[in-house]
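One file, upload.pdb, carrying PDB, N, CA and C atoms:
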```pdb
MODEL        1
ATOM      1  N   MET A1135      53.100   0.685 -31.108  1.00  0.00           N
ATOM      2  CA  MET A1135      53.361   1.642 -30.026  1.00  0.00           C
ATOM      3  C   MET A1135      52.192   1.597 -29.041  1.00  0.00           C
ATOM      4  N   SER A1136      52.494   1.394 -27.785  1.00  0.00           N
ATOM      5  CA  SER A1136      51.444   1.333 -26.764  1.00  0.00           C
ATOM      6  C   SER A1136      50.960   2.734 -26.404  1.00  0.00           C
ATOM      7  N   ASN A1137      49.766   2.789 -25.841  1.00  0.00           N
ATOM      8  CA  ASN A1137      49.239   4.073 -25.380  1.00  0.00           C
ATOM      9  C   ASN A1137      50.136   4.697 -24.335  1.00  0.00           C
ATOM     10  N   HIS A1138      50.766   3.832 -23.509  1.00  0.00           N
ATOM     11  CA  HIS A1138      51.627   4.342 -22.445  1.00  0.00           C
ATOM     12  C   HIS A1138      52.807   5.113 -23.017  1.00  0.00           C
ATOM     13  N   SER A1139      53.434   4.587 -24.043  1.00  0.00           N
ATOM     14  CA  SER A1139      54.572   5.293 -24.623  1.00  0.00           C
ATOM     15  C   SER A1139      54.122   6.456 -25.498  1.00  0.00           C
ATOM     16  N   LYS A1140      52.962   6.321 -26.099  1.00  0.00           N
ATOM     17  CA  LYS A1140      52.425   7.369 -26.960  1.00  0.00           C
ATOM     18  C   LYS A1140      51.916   8.563 -26.150  1.00  0.00           C
ATOM     19  N   HIS A1141      51.362   8.278 -24.984  1.00  0.00           N
ATOM     20  CA  HIS A1141      50.767   9.323 -24.139  1.00  0.00           C
ATOM     21  C   HIS A1141      51.304   9.219 -22.717  1.00  0.00           C
ATOM     22  N   GLY A1142      52.602   9.165 -22.584  1.00  0.00           N
ATOM     23  CA  GLY A1142      53.245   8.970 -21.292  1.00  0.00           C
ATOM     24  C   GLY A1142      52.870   9.985 -20.238  1.00  0.00           C
ATOM     25  N   HIS A1143      52.538  11.185 -20.643  1.00  0.00           N
ATOM     26  CA  HIS A1143      52.186  12.230 -19.679  1.00  0.00           C
ATOM     27  C   HIS A1143      50.877  11.937 -18.950  1.00  0.00           C
ATOM     28  N   TYR A1144      50.112  10.956 -19.409  1.00  0.00           N
ATOM     29  CA  TYR A1144      48.875  10.571 -18.735  1.00  0.00           C
ATOM     30  C   TYR A1144      49.086   9.501 -17.674  1.00  0.00           C
ATOM     31  N   TYR A1145      50.301   9.004 -17.549  1.00  0.00           N
ATOM     32  CA  TYR A1145      50.592   7.899 -16.642  1.00  0.00           C
ATOM     33  C   TYR A1145      51.609   8.316 -15.594  1.00  0.00           C
ATOM     34  N   LYS A1146      51.404   7.875 -14.362  1.00  0.00           N
ATOM     35  CA  LYS A1146      52.347   8.115 -13.259  1.00  0.00           C
ATOM     36  C   LYS A1146      52.558   6.809 -12.519  1.00  0.00           C
ATOM     37  N   ASP A1147      53.771   6.589 -12.091  1.00  0.00           N
ATOM     38  CA  ASP A1147      54.086   5.401 -11.304  1.00  0.00           C
ATOM     39  C   ASP A1147      53.641   5.648  -9.871  1.00  0.00           C
ATOM     40  N   VAL A1148      52.687   4.879  -9.411  1.00  0.00           N
ATOM     41  CA  VAL A1148      52.174   5.000  -8.046  1.00  0.00           C
ATOM     42  C   VAL A1148      52.448   3.729  -7.245  1.00  0.00           C
ATOM     43  N   SER A1149      53.370   2.911  -7.723  1.00  0.00           N
ATOM     44  CA  SER A1149      53.623   1.613  -7.089  1.00  0.00           C
ATOM     45  C   SER A1149      54.142   1.741  -5.661  1.00  0.00           C
ATOM     46  N   ARG A1150      54.694   2.876  -5.307  1.00  0.00           N
ATOM     47  CA  ARG A1150      55.217   3.032  -3.941  1.00  0.00           C
ATOM     48  C   ARG A1150      54.120   3.341  -2.927  1.00  0.00           C
ATOM     49  N   TYR A1151      52.902   3.557  -3.372  1.00  0.00           N
ATOM     50  CA  TYR A1151      51.787   3.887  -2.484  1.00  0.00           C
ATOM     51  C   TYR A1151      50.817   2.716  -2.383  1.00  0.00           C
ATOM     52  N   ASP A1152      50.248   2.528  -1.217  1.00  0.00           N
ATOM     53  CA  ASP A1152      49.170   1.547  -1.060  1.00  0.00           C
ATOM     54  C   ASP A1152      47.874   2.101  -1.645  1.00  0.00           C
ATOM     55  N   VAL A1153      47.614   3.360  -1.360  1.00  0.00           N
ATOM     56  CA  VAL A1153      46.447   4.063  -1.890  1.00  0.00           C
ATOM     57  C   VAL A1153      46.865   5.491  -2.188  1.00  0.00           C
ATOM     58  N   ILE A1154      46.109   6.143  -3.040  1.00  0.00           N
ATOM     59  CA  ILE A1154      46.333   7.573  -3.287  1.00  0.00           C
ATOM     60  C   ILE A1154      44.997   8.290  -3.202  1.00  0.00           C
ATOM     61  N   ASP A1155      45.054   9.537  -2.800  1.00  0.00           N
ATOM     62  CA  ASP A1155      43.851  10.359  -2.754  1.00  0.00           C
ATOM     63  C   ASP A1155      43.988  11.481  -3.776  1.00  0.00           C
ATOM     64  N   ILE A1156      42.978  12.296  -3.848  1.00  0.00           N
ATOM     65  CA  ILE A1156      42.945  13.377  -4.832  1.00  0.00           C
ATOM     66  C   ILE A1156      44.125  14.333  -4.659  1.00  0.00           C
ATOM     67  N   TYR A1157      44.547  14.549  -3.433  1.00  0.00           N
ATOM     68  CA  TYR A1157      45.650  15.482  -3.197  1.00  0.00           C
ATOM     69  C   TYR A1157      46.965  14.910  -3.713  1.00  0.00           C
ATOM     70  N   ARG A1158      47.142  13.589  -3.625  1.00  0.00           N
ATOM     71  CA  ARG A1158      48.328  12.947  -4.191  1.00  0.00           C
ATOM     72  C   ARG A1158      48.283  13.017  -5.713  1.00  0.00           C
ATOM     73  N   VAL A1159      47.105  12.818  -6.290  1.00  0.00           N
ATOM     74  CA  VAL A1159      46.954  12.928  -7.741  1.00  0.00           C
ATOM     75  C   VAL A1159      47.370  14.316  -8.201  1.00  0.00           C
ATOM     76  N   LEU A1160      46.876  15.338  -7.520  1.00  0.00           N
ATOM     77  CA  LEU A1160      47.229  16.707  -7.889  1.00  0.00           C
ATOM     78  C   LEU A1160      48.731  16.924  -7.788  1.00  0.00           C
ATOM     79  N   GLU A1161      49.345  16.410  -6.742  1.00  0.00           N
ATOM     80  CA  GLU A1161      50.788  16.541  -6.560  1.00  0.00           C
ATOM     81  C   GLU A1161      51.554  15.804  -7.665  1.00  0.00           C
ATOM     82  N   LEU A1162      51.139  14.585  -7.949  1.00  0.00           N
ATOM     83  CA  LEU A1162      51.827  13.803  -8.980  1.00  0.00           C
ATOM     84  C   LEU A1162      51.770  14.468 -10.346  1.00  0.00           C
ATOM     85  N   TRP A1163      50.695  15.134 -10.639  1.00  0.00           N
ATOM     86  CA  TRP A1163      50.559  15.812 -11.927  1.00  0.00           C
ATOM     87  C   TRP A1163      51.044  17.264 -11.881  1.00  0.00           C
ATOM     88  N   GLY A1164      51.580  17.690 -10.756  1.00  0.00           N
ATOM     89  CA  GLY A1164      52.157  19.029 -10.662  1.00  0.00           C
ATOM     90  C   GLY A1164      51.144  20.154 -10.669  1.00  0.00           C
ATOM     91  N   ILE A1165      49.945  19.880 -10.185  1.00  0.00           N
ATOM     92  CA  ILE A1165      48.914  20.920 -10.131  1.00  0.00           C
ATOM     93  C   ILE A1165      49.112  21.715  -8.848  1.00  0.00           C
ATOM     94  N   SER A1166      49.592  22.933  -8.988  1.00  0.00           N
ATOM     95  CA  SER A1166      49.835  23.762  -7.808  1.00  0.00           C
ATOM     96  C   SER A1166      48.843  24.920  -7.698  1.00  0.00           C
ATOM     97  N   ASP A1167      48.113  25.182  -8.759  1.00  0.00           N
ATOM     98  CA  ASP A1167      47.136  26.264  -8.740  1.00  0.00           C
ATOM     99  C   ASP A1167      45.908  25.819  -7.959  1.00  0.00           C
ATOM    100  N   HIS A1168      45.528  26.612  -6.978  1.00  0.00           N
ATOM    101  CA  HIS A1168      44.425  26.245  -6.093  1.00  0.00           C
ATOM    102  C   HIS A1168      43.074  26.181  -6.808  1.00  0.00           C
ATOM    103  N   ALA A1169      42.815  27.119  -7.702  1.00  0.00           N
ATOM    104  CA  ALA A1169      41.532  27.124  -8.411  1.00  0.00           C
ATOM    105  C   ALA A1169      41.414  25.903  -9.319  1.00  0.00           C
ATOM    106  N   VAL A1170      42.480  25.575 -10.012  1.00  0.00           N
ATOM    107  CA  VAL A1170      42.471  24.406 -10.899  1.00  0.00           C
ATOM    108  C   VAL A1170      42.348  23.125 -10.072  1.00  0.00           C
ATOM    109  N   GLY A1171      43.098  23.037  -8.986  1.00  0.00           N
ATOM    110  CA  GLY A1171      43.020  21.871  -8.114  1.00  0.00           C
ATOM    111  C   GLY A1171      41.629  21.682  -7.543  1.00  0.00           C
ATOM    112  N   HIS A1172      40.999  22.782  -7.154  1.00  0.00           N
ATOM    113  CA  HIS A1172      39.635  22.722  -6.617  1.00  0.00           C
ATOM    114  C   HIS A1172      38.672  22.188  -7.670  1.00  0.00           C
ATOM    115  N   ALA A1173      38.811  22.677  -8.904  1.00  0.00           N
ATOM    116  CA  ALA A1173      37.935  22.229  -9.987  1.00  0.00           C
ATOM    117  C   ALA A1173      38.142  20.742 -10.271  1.00  0.00           C
ATOM    118  N   ILE A1174      39.389  20.301 -10.311  1.00  0.00           N
ATOM    119  CA  ILE A1174      39.673  18.884 -10.562  1.00  0.00           C
ATOM    120  C   ILE A1174      39.055  18.025  -9.466  1.00  0.00           C
ATOM    121  N   LYS A1175      39.228  18.441  -8.214  1.00  0.00           N
ATOM    122  CA  LYS A1175      38.658  17.691  -7.088  1.00  0.00           C
ATOM    123  C   LYS A1175      37.139  17.608  -7.215  1.00  0.00           C
ATOM    124  N   LYS A1176      36.508  18.717  -7.542  1.00  0.00           N
ATOM    125  CA  LYS A1176      35.054  18.745  -7.691  1.00  0.00           C
ATOM    126  C   LYS A1176      34.606  17.800  -8.802  1.00  0.00           C
ATOM    127  N   LEU A1177      35.335  17.787  -9.915  1.00  0.00           N
ATOM    128  CA  LEU A1177      34.957  16.934 -11.035  1.00  0.00           C
ATOM    129  C   LEU A1177      35.199  15.455 -10.745  1.00  0.00           C
ATOM    130  N   MET A1178      36.329  15.146 -10.121  1.00  0.00           N
ATOM    131  CA  MET A1178      36.639  13.751  -9.847  1.00  0.00           C
ATOM    132  C   MET A1178      35.715  13.145  -8.798  1.00  0.00           C
ATOM    133  N   CYS A1179      35.207  13.972  -7.910  1.00  0.00           N
ATOM    134  CA  CYS A1179      34.364  13.476  -6.809  1.00  0.00           C
ATOM    135  C   CYS A1179      32.937  13.999  -6.901  1.00  0.00           C
ATOM    136  N   SER A1180      32.522  14.431  -8.082  1.00  0.00           N
ATOM    137  CA  SER A1180      31.218  15.082  -8.200  1.00  0.00           C
ATOM    138  C   SER A1180      30.083  14.156  -7.787  1.00  0.00           C
ATOM    139  N   GLY A1181      29.277  14.663  -6.878  1.00  0.00           N
ATOM    140  CA  GLY A1181      28.105  13.943  -6.397  1.00  0.00           C
ATOM    141  C   GLY A1181      28.386  12.782  -5.462  1.00  0.00           C
ATOM    142  N   MET A1182      29.649  12.588  -5.086  1.00  0.00           N
ATOM    143  CA  MET A1182      30.011  11.425  -4.278  1.00  0.00           C
ATOM    144  C   MET A1182      30.170  11.728  -2.787  1.00  0.00           C
ATOM    145  N   ARG A1183      30.175  12.994  -2.422  1.00  0.00           N
ATOM    146  CA  ARG A1183      30.472  13.335  -1.037  1.00  0.00           C
ATOM    147  C   ARG A1183      29.233  13.449  -0.165  1.00  0.00           C
ATOM    148  N   GLY A1184      28.070  13.416  -0.768  1.00  0.00           N
ATOM    149  CA  GLY A1184      26.837  13.453   0.001  1.00  0.00           C
ATOM    150  C   GLY A1184      26.306  14.847   0.274  1.00  0.00           C
ATOM    151  N   ALA A1185      27.166  15.835   0.351  1.00  0.00           N
ATOM    152  CA  ALA A1185      26.720  17.187   0.682  1.00  0.00           C
ATOM    153  C   ALA A1185      26.059  17.876  -0.509  1.00  0.00           C
ATOM    154  N   LYS A1186      26.575  17.618  -1.695  1.00  0.00           N
ATOM    155  CA  LYS A1186      26.054  18.278  -2.897  1.00  0.00           C
ATOM    156  C   LYS A1186      25.880  17.238  -3.989  1.00  0.00           C
ATOM    157  N   ASP A1187      24.934  17.507  -4.882  1.00  0.00           N
ATOM    158  CA  ASP A1187      24.742  16.569  -5.978  1.00  0.00           C
ATOM    159  C   ASP A1187      25.746  16.848  -7.096  1.00  0.00           C
ATOM    160  N   GLN A1188      25.781  15.961  -8.074  1.00  0.00           N
ATOM    161  CA  GLN A1188      26.747  16.068  -9.157  1.00  0.00           C
ATOM    162  C   GLN A1188      26.614  17.389  -9.909  1.00  0.00           C
ATOM    163  N   LYS A1189      25.397  17.814 -10.149  1.00  0.00           N
ATOM    164  CA  LYS A1189      25.168  19.064 -10.884  1.00  0.00           C
ATOM    165  C   LYS A1189      25.790  20.247 -10.145  1.00  0.00           C
ATOM    166  N   GLN A1190      25.618  20.317  -8.845  1.00  0.00           N
ATOM    167  CA  GLN A1190      26.173  21.409  -8.047  1.00  0.00           C
ATOM    168  C   GLN A1190      27.698  21.368  -8.051  1.00  0.00           C
ATOM    169  N   ASP A1191      28.272  20.177  -7.906  1.00  0.00           N
ATOM    170  CA  ASP A1191      29.735  20.060  -7.929  1.00  0.00           C
ATOM    171  C   ASP A1191      30.301  20.488  -9.277  1.00  0.00           C
ATOM    172  N   ILE A1192      29.653  20.101 -10.372  1.00  0.00           N
ATOM    173  CA  ILE A1192      30.122  20.506 -11.701  1.00  0.00           C
ATOM    174  C   ILE A1192      30.007  22.010 -11.874  1.00  0.00           C
ATOM    175  N   ALA A1193      28.916  22.598 -11.395  1.00  0.00           N
ATOM    176  CA  ALA A1193      28.743  24.050 -11.474  1.00  0.00           C
ATOM    177  C   ALA A1193      29.846  24.769 -10.690  1.00  0.00           C
ATOM    178  N   GLU A1194      30.190  24.239  -9.531  1.00  0.00           N
ATOM    179  CA  GLU A1194      31.248  24.853  -8.724  1.00  0.00           C
ATOM    180  C   GLU A1194      32.615  24.685  -9.374  1.00  0.00           C
ATOM    181  N   ALA A1195      32.836  23.576 -10.062  1.00  0.00           N
ATOM    182  CA  ALA A1195      34.090  23.389 -10.797  1.00  0.00           C
ATOM    183  C   ALA A1195      34.194  24.429 -11.912  1.00  0.00           C
ATOM    184  N   ILE A1196      33.099  24.632 -12.617  1.00  0.00           N
ATOM    185  CA  ILE A1196      33.078  25.646 -13.678  1.00  0.00           C
ATOM    186  C   ILE A1196      33.356  27.025 -13.096  1.00  0.00           C
ATOM    187  N   ASP A1197      32.733  27.347 -11.971  1.00  0.00           N
ATOM    188  CA  ASP A1197      32.963  28.638 -11.315  1.00  0.00           C
ATOM    189  C   ASP A1197      34.444  28.825 -10.986  1.00  0.00           C
ATOM    190  N   SER A1198      35.077  27.778 -10.492  1.00  0.00           N
ATOM    191  CA  SER A1198      36.500  27.855 -10.152  1.00  0.00           C
ATOM    192  C   SER A1198      37.345  28.112 -11.394  1.00  0.00           C
ATOM    193  N   LEU A1199      37.018  27.444 -12.487  1.00  0.00           N
ATOM    194  CA  LEU A1199      37.786  27.626 -13.716  1.00  0.00           C
ATOM    195  C   LEU A1199      37.538  28.996 -14.342  1.00  0.00           C
ATOM    196  N   VAL A1200      36.316  29.482 -14.259  1.00  0.00           N
ATOM    197  CA  VAL A1200      36.026  30.836 -14.747  1.00  0.00           C
ATOM    198  C   VAL A1200      36.840  31.852 -13.953  1.00  0.00           C
ATOM    199  N   ARG A1201      36.898  31.667 -12.637  1.00  0.00           N
ATOM    200  CA  ARG A1201      37.690  32.585 -11.803  1.00  0.00           C
ATOM    201  C   ARG A1201      39.163  32.512 -12.183  1.00  0.00           C
ATOM    202  N   LYS A1202      39.669  31.311 -12.457  1.00  0.00           N
ATOM    203  CA  LYS A1202      41.062  31.162 -12.874  1.00  0.00           C
ATOM    204  C   LYS A1202      41.312  31.943 -14.163  1.00  0.00           C
ATOM    205  N   LEU A1203      40.401  31.841 -15.114  1.00  0.00           N
ATOM    206  CA  LEU A1203      40.547  32.605 -16.357  1.00  0.00           C
ATOM    207  C   LEU A1203      40.535  34.105 -16.093  1.00  0.00           C
ATOM    208  N   GLU A1204      39.667  34.550 -15.183  1.00  0.00           N
ATOM    209  CA  GLU A1204      39.643  35.971 -14.809  1.00  0.00           C
ATOM    210  C   GLU A1204      40.984  36.397 -14.224  1.00  0.00           C
ATOM    211  N   MET A1205      41.534  35.562 -13.364  1.00  0.00           N
ATOM    212  CA  MET A1205      42.817  35.883 -12.741  1.00  0.00           C
ATOM    213  C   MET A1205      43.931  35.939 -13.785  1.00  0.00           C
ATOM    214  N   MET A1206      43.890  35.040 -14.744  1.00  0.00           N
ATOM    215  CA  MET A1206      44.889  35.058 -15.808  1.00  0.00           C
ATOM    216  C   MET A1206      44.786  36.349 -16.621  1.00  0.00           C
ATOM    217  N   SER A1207      43.556  36.782 -16.899  1.00  0.00           N
ATOM    218  CA  SER A1207      43.352  38.042 -17.623  1.00  0.00           C
ATOM    219  C   SER A1207      43.841  39.226 -16.798  1.00  0.00           C
ATOM    220  N   GLU A1208      43.566  39.208 -15.495  1.00  0.00           N
ATOM    221  CA  GLU A1208      44.053  40.273 -14.618  1.00  0.00           C
ATOM    222  C   GLU A1208      45.576  40.343 -14.653  1.00  0.00           C
ATOM    223  N   ASP A1209      46.221  39.199 -14.610  1.00  0.00           N
ATOM    224  CA  ASP A1209      47.682  39.157 -14.616  1.00  0.00           C
ATOM    225  C   ASP A1209      48.259  39.643 -15.946  1.00  0.00           C
ATOM    226  N   GLU A1210      47.570  39.387 -17.051  1.00  0.00           N
ATOM    227  CA  GLU A1210      48.030  39.859 -18.357  1.00  0.00           C
ATOM    228  C   GLU A1210      47.992  41.379 -18.464  1.00  0.00           C
ATOM    229  N   GLN A1211      47.089  42.008 -17.729  1.00  0.00           N
ATOM    230  CA  GLN A1211      46.922  43.453 -17.783  1.00  0.00           C
ATOM    231  C   GLN A1211      48.000  44.195 -17.009  1.00  0.00           C
ATOM    232  N   GLN A1212      48.751  43.504 -16.212  1.00  0.00           N
ATOM    233  CA  GLN A1212      49.751  44.181 -15.381  1.00  0.00           C
ATOM    234  C   GLN A1212      51.058  44.331 -16.117  1.00  0.00           C
TER     235      GLN A1212
ENDMDL
END
```
Just dump the structure as structure tokens.
Amino acid sequence: MSNHSKHGHYYKDVSRYDVIDIYRVLELWGISDHAVGHAIKKLMCSGMRGAKDQKQDIAEAIDSLVRKLEMMSEDEQQ
């Protein structure tokens, strides 16, 4: 059994695109939550954009995920 068939949810057909960016990745994987998408973007591009170093990008990704958890807890209380 190949990894592709064993873990199919990790693979997406992107053959129709010449290139894909982070926003296409998020769309292909069905990530619609803004906080989660922000964290994924920060992690995938950490330290590569020139404005912030990898440590700062990772810290901001963590902050986004912590906020998402807070929001989930807030929603459970309603």
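Between atom C of A:Trp1163 and atom N of A:Ile1196 the separation is 19.4 Å.
One distance worth recording is that between atom N of A:Tyr1145 and atom CA of A:Ile1165, which is 14.1 Å.
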As a VMD selection string, list the residues of stretch 1156-1199 of chain A assigned to alpha helix (DSSP H) by DSSP on the backbone atoms of this structure. chain A and resid 1156 to 1162 1168 to 1178 1188 to 1199
Can you write out the residues you just picked, keeping N, CA and C atoms, as a short mmCIF file (atom, residue, chain, number, x, y, z; two decimals), keeping the file's coordinate frame?
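And here's selection-v8.cif as it stands now:
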```cif
data_model
loop_
_atom_site.label_atom_id
_atom_site.label_comp_id
_atom_site.auth_asym_id
_atom_site.auth_seq_id
_atom_site.Cartn_x
_atom_site.Cartn_y
_atom_site.Cartn_z
N ILE A 1156 42.98 12.30 -3.85
CA ILE A 1156 42.94 13.38 -4.83
C ILE A 1156 44.12 14.33 -4.66
N TYR A 1157 44.55 14.55 -3.43
CA TYR A 1157 45.65 15.48 -3.20
C TYR A 1157 46.96 14.91 -3.71
N ARG A 1158 47.14 13.59 -3.62
CA ARG A 1158 48.33 12.95 -4.19
C ARG A 1158 48.28 13.02 -5.71
N VAL A 1159 47.10 12.82 -6.29
CA VAL A 1159 46.95 12.93 -7.74
C VAL A 1159 47.37 14.32 -8.20
N LEU A 1160 46.88 15.34 -7.52
CA LEU A 1160 47.23 16.71 -7.89
C LEU A 1160 48.73 16.92 -7.79
N GLU A 1161 49.34 16.41 -6.74
CA GLU A 1161 50.79 16.54 -6.56
C GLU A 1161 51.55 15.80 -7.66
N LEU A 1162 51.14 14.58 -7.95
CA LEU A 1162 51.83 13.80 -8.98
C LEU A 1162 51.77 14.47 -10.35
N HIS A 1168 45.53 26.61 -6.98
CA HIS A 1168 44.42 26.24 -6.09
C HIS A 1168 43.07 26.18 -6.81
N ALA A 1169 42.82 27.12 -7.70
CA ALA A 1169 41.53 27.12 -8.41
C ALA A 1169 41.41 25.90 -9.32
N VAL A 1170 42.48 25.58 -10.01
CA VAL A 1170 42.47 24.41 -10.90
C VAL A 1170 42.35 23.12 -10.07
N GLY A 1171 43.10 23.04 -8.99
CA GLY A 1171 43.02 21.87 -8.11
C GLY A 1171 41.63 21.68 -7.54
N HIS A 1172 41.00 22.78 -7.15
CA HIS A 1172 39.64 22.72 -6.62
C HIS A 1172 38.67 22.19 -7.67
N ALA A 1173 38.81 22.68 -8.90
CA ALA A 1173 37.94 22.23 -9.99
C ALA A 1173 38.14 20.74 -10.27
N ILE A 1174 39.39 20.30 -10.31
CA ILE A 1174 39.67 18.88 -10.56
C ILE A 1174 39.06 18.02 -9.47
N LYS A 1175 39.23 18.44 -8.21
CA LYS A 1175 38.66 17.69 -7.09
C LYS A 1175 37.14 17.61 -7.22
N LYS A 1176 36.51 18.72 -7.54
CA LYS A 1176 35.05 18.74 -7.69
C LYS A 1176 34.61 17.80 -8.80
N LEU A 1177 35.34 17.79 -9.91
CA LEU A 1177 34.96 16.93 -11.04
C LEU A 1177 35.20 15.46 -10.74
N MET A 1178 36.33 15.15 -10.12
CA MET A 1178 36.64 13.75 -9.85
C MET A 1178 35.72 13.14 -8.80
N GLN A 1188 25.78 15.96 -8.07
CA GLN A 1188 26.75 16.07 -9.16
C GLN A 1188 26.61 17.39 -9.91
N LYS A 1189 25.40 17.81 -10.15
CA LYS A 1189 25.17 19.06 -10.88
C LYS A 1189 25.79 20.25 -10.14
N GLN A 1190 25.62 20.32 -8.85
CA GLN A 1190 26.17 21.41 -8.05
C GLN A 1190 27.70 21.37 -8.05
N ASP A 1191 28.27 20.18 -7.91
CA ASP A 1191 29.74 20.06 -7.93
C ASP A 1191 30.30 20.49 -9.28
N ILE A 1192 29.65 20.10 -10.37
CA ILE A 1192 30.12 20.51 -11.70
C ILE A 1192 30.01 22.01 -11.87
N ALA A 1193 28.92 22.60 -11.40
CA ALA A 1193 28.74 24.05 -11.47
C ALA A 1193 29.85 24.77 -10.69
N GLU A 1194 30.19 24.24 -9.53
CA GLU A 1194 31.25 24.85 -8.72
C GLU A 1194 32.62 24.68 -9.37
N ALA A 1195 32.84 23.58 -10.06
CA ALA A 1195 34.09 23.39 -10.80
C ALA A 1195 34.19 24.43 -11.91
N ILE A 1196 33.10 24.63 -12.62
CA ILE A 1196 33.08 25.65 -13.68
C ILE A 1196 33.36 27.02 -13.10
N ASP A 1197 32.73 27.35 -11.97
CA ASP A 1197 32.96 28.64 -11.32
C ASP A 1197 34.44 28.82 -10.99
N SER A 1198 35.08 27.78 -10.49
CA SER A 1198 36.50 27.86 -10.15
C SER A 1198 37.34 28.11 -11.39
N LEU A 1199 37.02 27.44 -12.49
CA LEU A 1199 37.79 27.63 -13.72
C LEU A 1199 37.54 29.00 -14.34
#
```
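Note that atom N of A:Gly1164 and atom C of A:His1141 are 14.7 Å apart.
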Compile the contact shell of A:Ser1198 as a JSON list (two decimals) with N, CA and C atoms, keeping the file's coordinate frame: residues with an atom at most 10 Å away, counting only C-alpha atoms, same-chain residues fewer than 6 positions apart removed.
```
[["chain", "number", "residue", "atom", "x", "y", "z"],
["A", 1168, "HIS", "N", 45.53, 26.61, -6.98],
["A", 1168, "HIS", "CA", 44.42, 26.24, -6.09],
["A", 1168, "HIS", "C", 43.07, 26.18, -6.81],
["A", 1169, "ALA", "N", 42.82, 27.12, -7.70],
["A", 1169, "ALA", "CA", 41.53, 27.12, -8.41],
["A", 1169, "ALA", "C", 41.41, 25.90, -9.32],
["A", 1170, "VAL", "N", 42.48, 25.58, -10.01],
["A", 1170, "VAL", "CA", 42.47, 24.41, -10.90],
["A", 1170, "VAL", "C", 42.35, 23.12, -10.07],
["A", 1171, "GLY", "N", 43.10, 23.04, -8.99],
["A", 1171, "GLY", "CA", 43.02, 21.87, -8.11],
["A", 1171, "GLY", "C", 41.63, 21.68, -7.54],
["A", 1172, "HIS", "N", 41.00, 22.78, -7.15],
["A", 1172, "HIS", "CA", 39.64, 22.72, -6.62],
["A", 1172, "HIS", "C", 38.67, 22.19, -7.67],
["A", 1173, "ALA", "N", 38.81, 22.68, -8.90],
["A", 1173, "ALA", "CA", 37.94, 22.23, -9.99],
["A", 1173, "ALA", "C", 38.14, 20.74, -10.27],
["A", 1174, "ILE", "N", 39.39, 20.30, -10.31],
["A", 1174, "ILE", "CA", 39.67, 18.88, -10.56],
["A", 1174, "ILE", "C", 39.06, 18.02, -9.47],
["A", 1176, "LYS", "N", 36.51, 18.72, -7.54],
["A", 1176, "LYS", "CA", 35.05, 18.74, -7.69],
["A", 1176, "LYS", "C", 34.61, 17.80, -8.80],
["A", 1192, "ILE", "N", 29.65, 20.10, -10.37],
["A", 1192, "ILE", "CA", 30.12, 20.51, -11.70],
["A", 1192, "ILE", "C", 30.01, 22.01, -11.87],
["A", 1204, "GLU", "N", 39.67, 34.55, -15.18],
["A", 1204, "GLU", "CA", 39.64, 35.97, -14.81],
["A", 1204, "GLU", "C", 40.98, 36.40, -14.22]]
```
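Among the candidates A:Lys1140, A:Arg1201, A:Gly1181, A:Lys1175, the residue lying nearest to A:Tyr1157 is A:Lys1175 (atoms considered: all atoms listed in the file).
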